[in-house]
Each structure stands twice: as C-alpha cells, then as structure tokens.
Amino acid sequence: MDKKERFLTALKQSGHRITGQRRAICEYLAQTREHPTPYQVYEGVAQEHPEISLATVYNTLNALRDVGAIVPIDAGNEQTRYETDPAPHINLVCLRCHRVFDYEGEPEAEDQLLAAIRAETGFQPVTKKMEILGFCPECQAQKRAEIRQQLQDK
Ligand SMILES: [Zn+2]
C-alpha cells in the first residue's frame with residue numbers, strides 16, 4: 001500500500017468520508033518531503049482546491065493524527081509540524097529556524113537500543129520517535145556572520 005492509500009484507509013477507518021478535498025490533503029501529505037505545519041498543508045492544497053478551508057485541513061490532520069497515521073512534532077516555536085513518514089527515524093530539529101530534517105541512521109544501532117530497552121525494562125517498543133535538537137548548518141553560518149558583524153560594529 002503506498003503512502004496515499006495508507007492515509008485514505010486511515011481516514012475511512014476513523015469514520016470519515018473521502019471527499020475530493022480530503023483526498024487532496026492525503027496526496028499532499030504523501031508527496032511532501034517537508035514536515036509541514038497545518039498552514040503549509042493548507043497552502044499546498046489550496047493551489048488546486050482554492051475553496052478548501054483551514055478548518056477542513058485541521059479536521060483532516062486531527063483525524064489522521066488520532067489514528068497514528070501522522071505524528072505531531074514540536075519544533076519549538078509553538079507551531080505543530082507533522083511527521084508523515086511512518087518508518088521510524090530520527091528527526092533533527094533546528095532550534096533557530098524550526099525546520100525539521102530526517103536522519104537515516106544506522107539501523108543496527110537503533111535495533112540494539114530497542115532490544116536493550118526490552119531486556120532491561122520489559123517494555124515492549126512498537127516504534128520510536130526520536131528528536132535531536134540543535135542548529136542546522138545554515139543557522140550556524142548565519143550566527144557566525146552575525147557575530148562577525150557585531151564585532152565590526154563595535
Ligand atoms: Zn536552522
């Protein structure tokens with residue numbers, strides 16, 4: 001089942017009719033490589049569906065979230081972003097520009113971590129959601145430039 005079908009199935013399972021607008025939202029979520037905010041989803045879908053409302057976008061995202069098809073990420077600026085990739089991976093969250101990047105790490109190392117958790121605590125991991133907070137290369141470069149500028153201004 002491809003990503004779009006998975007989202008549509010999730011909506012049906014949560015008791016929603018598949019309207020053209022909801023289908024367009026699922027298509028957008030399936031193809032985006034961003035971790036979109038609800039407003040970004042709205043803007044993306046409104047290009048082809050100008051009649052869509054922000055409320056429809058929120059309702060659809062909430063329905064998908066409630067069945068675990070998408071996962072909210074707190075990117076630190078009070079804007080929820082959504083993870084649309086169901087495969088467990090690590091998100092790198094920039095504290096300055098609030099963008100979220102995927103990190104495809106060593107799967108063996110991650111499997112070892114889950115096995116250790118199971119062995120040590122008896123907890124049964126199902127999936128994982130890991131966030132590393134920090135600064136992206138662009139923001140680091142901007143910060144360095146700002147510091148240089150401040151030093152020159154003195
Ligand atoms: Zn950044």
# chains A, B, ... in the order shown; residues from 1 in each chain; ligands from 1
$ residues_near_ligand --ligand "ligand 1" --cutoff "8 Å" --atoms "only C-alpha atoms and all ligand atoms" --output "list in words"
Cys94, Leu95, Arg96, Cys97, His98, Arg99, Phe135, Cys136, Pro137, Glu138, Cys139 and Gln140 of chain A
$ write_last_selection --atoms "N, CA and C atoms" --output "PDB file, in the first residue's frame"
ATOM      1  N   CYS A  94      15.920  22.023  14.232  1.00  0.00           N
ATOM      2  CA  CYS A  94      16.743  23.225  14.399  1.00  0.00           C
ATOM      3  C   CYS A  94      16.027  24.184  15.338  1.00  0.00           C
ATOM      4  N   LEU A  95      16.720  24.606  16.402  1.00  0.00           N
ATOM      5  CA  LEU A  95      16.129  25.480  17.418  1.00  0.00           C
ATOM      6  C   LEU A  95      16.012  26.917  16.941  1.00  0.00           C
ATOM      7  N   ARG A  96      16.663  27.235  15.810  1.00  0.00           N
ATOM      8  CA  ARG A  96      16.688  28.611  15.364  1.00  0.00           C
ATOM      9  C   ARG A  96      15.688  28.856  14.238  1.00  0.00           C
ATOM     10  N   CYS A  97      15.728  28.019  13.182  1.00  0.00           N
ATOM     11  CA  CYS A  97      14.802  28.231  12.060  1.00  0.00           C
ATOM     12  C   CYS A  97      13.594  27.289  12.160  1.00  0.00           C
ATOM     13  N   HIS A  98      13.619  26.359  13.119  1.00  0.00           N
ATOM     14  CA  HIS A  98      12.498  25.450  13.405  1.00  0.00           C
ATOM     15  C   HIS A  98      12.191  24.492  12.259  1.00  0.00           C
ATOM     16  N   ARG A  99      13.159  24.302  11.363  1.00  0.00           N
ATOM     17  CA  ARG A  99      12.969  23.276  10.343  1.00  0.00           C
ATOM     18  C   ARG A  99      13.310  21.914  10.950  1.00  0.00           C
ATOM     19  N   PHE A 135      21.298  23.029  15.936  1.00  0.00           N
ATOM     20  CA  PHE A 135      21.324  24.093  14.946  1.00  0.00           C
ATOM     21  C   PHE A 135      21.755  23.538  13.608  1.00  0.00           C
ATOM     22  N   CYS A 136      21.002  23.882  12.546  1.00  0.00           N
ATOM     23  CA  CYS A 136      21.339  23.388  11.219  1.00  0.00           C
ATOM     24  C   CYS A 136      22.551  24.152  10.680  1.00  0.00           C
ATOM     25  N   PRO A 137      23.215  23.604   9.656  1.00  0.00           N
ATOM     26  CA  PRO A 137      24.418  24.269   9.122  1.00  0.00           C
ATOM     27  C   PRO A 137      24.162  25.705   8.684  1.00  0.00           C
ATOM     28  N   GLU A 138      23.000  25.966   8.057  1.00  0.00           N
ATOM     29  CA  GLU A 138      22.713  27.336   7.612  1.00  0.00           C
ATOM     30  C   GLU A 138      22.631  28.300   8.785  1.00  0.00           C
ATOM     31  N   CYS A 139      21.943  27.875   9.845  1.00  0.00           N
ATOM     32  CA  CYS A 139      21.803  28.748  11.011  1.00  0.00           C
ATOM     33  C   CYS A 139      23.145  28.955  11.704  1.00  0.00           C
ATOM     34  N   GLN A 140      23.986  27.927  11.713  1.00  0.00           N
ATOM     35  CA  GLN A 140      25.321  28.100  12.303  1.00  0.00           C
ATOM     36  C   GLN A 140      26.096  29.152  11.529  1.00  0.00           C
TER      37      GLN A 140
END
$ closest_atom_pairs --of "segment 55-87 of chain A" --to "segment 2-9 of chain A" --cutoff "10 Å" --atoms "only C-alpha atoms" --output "Markdown table"
| residue | atom | partner | partner_atom | distance |
| --- | --- | --- | --- | --- |
| A:Leu64 | CA | A:Phe7 | CA | 7.1 |
| A:Val67 | CA | A:Phe7 | CA | 9.8 |
| A:Gly68 | CA | A:Phe7 | CA | 10.0 |
| A:Ala69 | CA | A:Phe7 | CA | 6.5 |
| A:Ile70 | CA | A:Phe7 | CA | 8.5 |
| A:Thr84 | CA | A:Lys3 | CA | 8.7 |
| A:Asp85 | CA | A:Lys3 | CA | 8.5 |
| A:Pro86 | CA | A:Lys3 | CA | 8.9 |
$ write_last_selection --atoms "C-alpha atoms" --output "CSV table (one decimal), in the first residue's frame"
chain,number,residue,atom,x,y,z
A,64,LEU,CA,-5.1,11.2,10.7
A,67,VAL,CA,-5.2,7.0,14.3
A,68,GLY,CA,-1.4,7.4,14.3
A,69,ALA,CA,-1.1,7.9,10.5
A,70,ILE,CA,0.8,11.2,11.1
A,84,THR,CA,4.3,11.9,7.5
A,85,ASP,CA,6.9,9.1,7.3
A,86,PRO,CA,5.7,6.0,9.2
$ select_by_dssp --residues "segment 100-134 of chain A" --states "strand (DSSP E)" --output "PyMOL selection string"
chain A and resi 100-103+130-134
$ closest_residue --among "A:Leu133, A:Leu151, A:Ala75, A:Ala116" --to "Leu92 of chain A" --atoms "only C-alpha atoms"
A:Leu133
$ atom_distance --atom1 "atom CA of Thr80 of chain A" --atom2 "atom CA of Asn59 of chain A"
14.1 Å
$ atom_distance --atom1 "atom CA of Val71 of chain A" --atom2 "atom CA of Glu83 of chain A"
5.0 Å
$ residues_around --residues "Tyr28 of chain A" --least-positions-apart "4" --cutoff "9 Å" --atoms "only C-alpha atoms" --output "PyMOL selection string"
chain A and resi 4+23-24+32+41+44-45
$ residues_around --residues "Gln40 of chain A" --least-positions-apart "4" --cutoff "12 Å" --atoms "only C-alpha atoms" --output "PyMOL selection string"
chain A and resi 25+28-29+32+34-36+44-47+54+57-58+61+79-82
$ write_last_selection --atoms "N, CA and C atoms" --output "PDB file, in the first residue's frame"
ATOM      1  N   ILE A  25      -5.638  16.430   0.417  1.00  0.00           N
ATOM      2  CA  ILE A  25      -4.786  16.560   1.608  1.00  0.00           C
ATOM      3  C   ILE A  25      -3.903  15.320   1.750  1.00  0.00           C
ATOM      4  N   TYR A  28      -1.168  15.441  -0.787  1.00  0.00           N
ATOM      5  CA  TYR A  28      -0.125  16.392  -0.399  1.00  0.00           C
ATOM      6  C   TYR A  28       0.799  15.765   0.649  1.00  0.00           C
ATOM      7  N   LEU A  29       0.186  15.139   1.665  1.00  0.00           N
ATOM      8  CA  LEU A  29       0.985  14.541   2.741  1.00  0.00           C
ATOM      9  C   LEU A  29       1.852  13.402   2.224  1.00  0.00           C
ATOM     10  N   THR A  32       4.916  15.178   0.116  1.00  0.00           N
ATOM     11  CA  THR A  32       5.798  16.204   0.659  1.00  0.00           C
ATOM     12  C   THR A  32       7.019  15.580   1.317  1.00  0.00           C
ATOM     13  N   GLU A  34       8.699  17.718   3.278  1.00  0.00           N
ATOM     14  CA  GLU A  34       8.788  18.608   4.437  1.00  0.00           C
ATOM     15  C   GLU A  34       8.145  17.932   5.639  1.00  0.00           C
ATOM     16  N   HIS A  35       8.218  18.585   6.753  1.00  0.00           N
ATOM     17  CA  HIS A  35       7.425  18.221   7.922  1.00  0.00           C
ATOM     18  C   HIS A  35       6.460  19.382   8.081  1.00  0.00           C
ATOM     19  N   PRO A  36       5.328  19.348   7.336  1.00  0.00           N
ATOM     20  CA  PRO A  36       4.545  20.567   7.172  1.00  0.00           C
ATOM     21  C   PRO A  36       3.756  20.963   8.422  1.00  0.00           C
ATOM     22  N   GLY A  44      -0.509  24.369   0.305  1.00  0.00           N
ATOM     23  CA  GLY A  44      -0.185  23.399  -0.742  1.00  0.00           C
ATOM     24  C   GLY A  44      -1.438  22.894  -1.448  1.00  0.00           C
ATOM     25  N   VAL A  45      -2.477  22.596  -0.665  1.00  0.00           N
ATOM     26  CA  VAL A  45      -3.695  22.025  -1.242  1.00  0.00           C
ATOM     27  C   VAL A  45      -4.534  23.104  -1.928  1.00  0.00           C
ATOM     28  N   ALA A  46      -4.477  24.329  -1.402  1.00  0.00           N
ATOM     29  CA  ALA A  46      -5.318  25.410  -1.928  1.00  0.00           C
ATOM     30  C   ALA A  46      -4.939  25.801  -3.356  1.00  0.00           C
ATOM     31  N   GLN A  47      -3.724  25.424  -3.788  1.00  0.00           N
ATOM     32  CA  GLN A  47      -3.332  25.746  -5.162  1.00  0.00           C
ATOM     33  C   GLN A  47      -4.280  25.102  -6.163  1.00  0.00           C
ATOM     34  N   LEU A  54      -9.288  26.241   6.055  1.00  0.00           N
ATOM     35  CA  LEU A  54      -8.290  25.845   7.033  1.00  0.00           C
ATOM     36  C   LEU A  54      -8.897  24.836   8.014  1.00  0.00           C
ATOM     37  N   VAL A  57      -8.670  21.388   6.723  1.00  0.00           N
ATOM     38  CA  VAL A  57      -7.297  20.885   6.853  1.00  0.00           C
ATOM     39  C   VAL A  57      -7.045  20.430   8.287  1.00  0.00           C
ATOM     40  N   TYR A  58      -7.429  21.261   9.252  1.00  0.00           N
ATOM     41  CA  TYR A  58      -7.223  20.895  10.664  1.00  0.00           C
ATOM     42  C   TYR A  58      -7.982  19.617  11.013  1.00  0.00           C
ATOM     43  N   LEU A  61      -6.226  16.606   9.428  1.00  0.00           N
ATOM     44  CA  LEU A  61      -4.955  16.305  10.098  1.00  0.00           C
ATOM     45  C   LEU A  61      -5.210  15.696  11.474  1.00  0.00           C
ATOM     46  N   GLN A  79       4.446  25.945  16.856  1.00  0.00           N
ATOM     47  CA  GLN A  79       3.802  25.527  15.623  1.00  0.00           C
ATOM     48  C   GLN A  79       3.943  24.017  15.560  1.00  0.00           C
ATOM     49  N   THR A  80       2.829  23.330  15.471  1.00  0.00           N
ATOM     50  CA  THR A  80       2.924  21.887  15.304  1.00  0.00           C
ATOM     51  C   THR A  80       3.317  21.585  13.870  1.00  0.00           C
ATOM     52  N   ARG A  81       4.264  20.696  13.713  1.00  0.00           N
ATOM     53  CA  ARG A  81       4.577  20.161  12.396  1.00  0.00           C
ATOM     54  C   ARG A  81       4.202  18.696  12.411  1.00  0.00           C
ATOM     55  N   TYR A  82       4.008  18.124  11.211  1.00  0.00           N
ATOM     56  CA  TYR A  82       3.605  16.729  11.170  1.00  0.00           C
ATOM     57  C   TYR A  82       4.624  15.858  10.475  1.00  0.00           C
TER      58      TYR A  82
END
